[in-house]
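Down below is the structure, laid out as structure tokens.
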Amino acid sequence: MSETNSSLAETEVEDGKNRRKIKCQFCRSIILNSKAGNYVNFEFDLPVIKLTKSSNKTEDNIENIIETEKIQDFWLVKDIYTFENIGVSNTVDNKKYLSCADCEVGPLGYHDLNTKESYLALSRVEYI
Ligand SMILES: [Zn+2]
């Protein structure tokens, strides 16, 4: 039962871990070293990335609807100090969303306050 269901997982997972270093796709900051995350597969609704540019906010109605994307591939990081760089949001439902420590783009995944484990979405980061 170790089949992967995305092409990204096929190319990036090696021995159940991330083959290459993981970096932010916006500012290229290193987030996680190679082999530091364990590939896990489950469904989680993660809010979509909102770029924090306020230049085109001309609408009168402020949208409070949080769009989510169903993510199925994650890197499990058991200790948040394993990350090279990571930022965390305010607590929402006993979770903190992970963002880039440098450019603050996110969420790239989430941190579970119950288990202290972090889950980084495969599709929200880049690889070098
Ligand atoms: Zn960044």
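Each chain in the structure tokens gets a letter, A, B, ..., in the order shown, and its residues are numbered from 1; ligands are numbered from 1 in order too.
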*asked:* So that I can check the secondary structure, give me every residue of chain A assigned helix (DSSP H, G or I) by backbone DSSP, as a VMD selection string.
replied: chain A and resid 7 to 12 80 to 82 122 to 124
Write a file of the just-selected residues containing C-alpha atoms, as a PDB file, in the first residue's frame.
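Below is the file result-v6.pdb, written as the result:
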```
ATOM      1  CA  SER A   7       3.764  12.565 -10.402  1.00  0.00           C
ATOM      2  CA  LEU A   8       5.443  14.879  -7.917  1.00  0.00           C
ATOM      3  CA  ALA A   9       5.557  12.100  -5.356  1.00  0.00           C
ATOM      4  CA  GLU A  10       6.914   9.731  -7.993  1.00  0.00           C
ATOM      5  CA  THR A  11       9.850  11.977  -8.760  1.00  0.00           C
ATOM      6  CA  GLU A  12      10.568  13.408  -5.317  1.00  0.00           C
ATOM      7  CA  ILE A  80       9.458  21.659  13.895  1.00  0.00           C
ATOM      8  CA  TYR A  81      13.115  22.467  14.649  1.00  0.00           C
ATOM      9  CA  THR A  82      14.060  20.138  11.783  1.00  0.00           C
ATOM     10  CA  LEU A 122       4.428  18.475  -1.705  1.00  0.00           C
ATOM     11  CA  SER A 123       2.774  20.712  -4.269  1.00  0.00           C
ATOM     12  CA  ARG A 124       3.346  23.988  -2.422  1.00  0.00           C
TER      13      ARG A 124
END
```
Problem - Residues within 9 Å of ligand 1, counting only C-alpha atoms and all ligand atoms, as a VMD selection string - result: chain A and resid 23 to 31 99 to 106
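Distances from A:Leu76, A:Val125, A:Val48, A:Ile86 to Asp112 in chain A were compared using only C-alpha atoms, and the smallest one belongs to A:Leu76.
Counting from CA of Asn41 in chain A, the distance to CA of Asp73 in chain A is 4.9 Å.
The space between CA of Ile22 in chain A and CA of Ala121 in chain A spans 10.8 Å.
Between CA of Leu46 in chain A and CA of Thr115 in chain A the interatomic distance comes to 18.0 Å.
Closest approach to Tyr39 in chain A among A:Thr68, A:Asn90, A:Ser6, A:Asn114 is made by A:Ser6 (distances from only C-alpha atoms).
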Within 10 Å of Glu69 in chain A using only C-alpha atoms, minus same-chain residues under 2 positions, as a PDB file with C-alpha atoms, in the first residue's frame:
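Below is the file part.pdb, written as the result:
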```pdb
ATOM      1  CA  GLU A  43      -6.557  14.099   2.451  1.00  0.00           C
ATOM      2  CA  PHE A  44      -6.503  17.518   4.041  1.00  0.00           C
ATOM      3  CA  ASP A  45      -8.245  20.735   3.034  1.00  0.00           C
ATOM      4  CA  LEU A  46      -5.589  23.422   3.065  1.00  0.00           C
ATOM      5  CA  PRO A  47      -6.498  27.059   2.400  1.00  0.00           C
ATOM      6  CA  VAL A  48      -5.181  28.214  -0.964  1.00  0.00           C
ATOM      7  CA  ILE A  49      -2.109  30.420  -1.063  1.00  0.00           C
ATOM      8  CA  ILE A  66     -11.567  30.895   2.652  1.00  0.00           C
ATOM      9  CA  GLU A  67     -11.011  28.791  -0.413  1.00  0.00           C
ATOM     10  CA  ILE A  71      -4.081  18.172  -0.686  1.00  0.00           C
ATOM     11  CA  GLN A  72      -3.151  14.503  -0.588  1.00  0.00           C
TER      12      GLN A  72
END
```
Using only C-alpha atoms, the best pick from A:Leu108, A:Glu117, A:Trp75, A:Val40 as closest to Lys21 in chain A would be A:Trp75
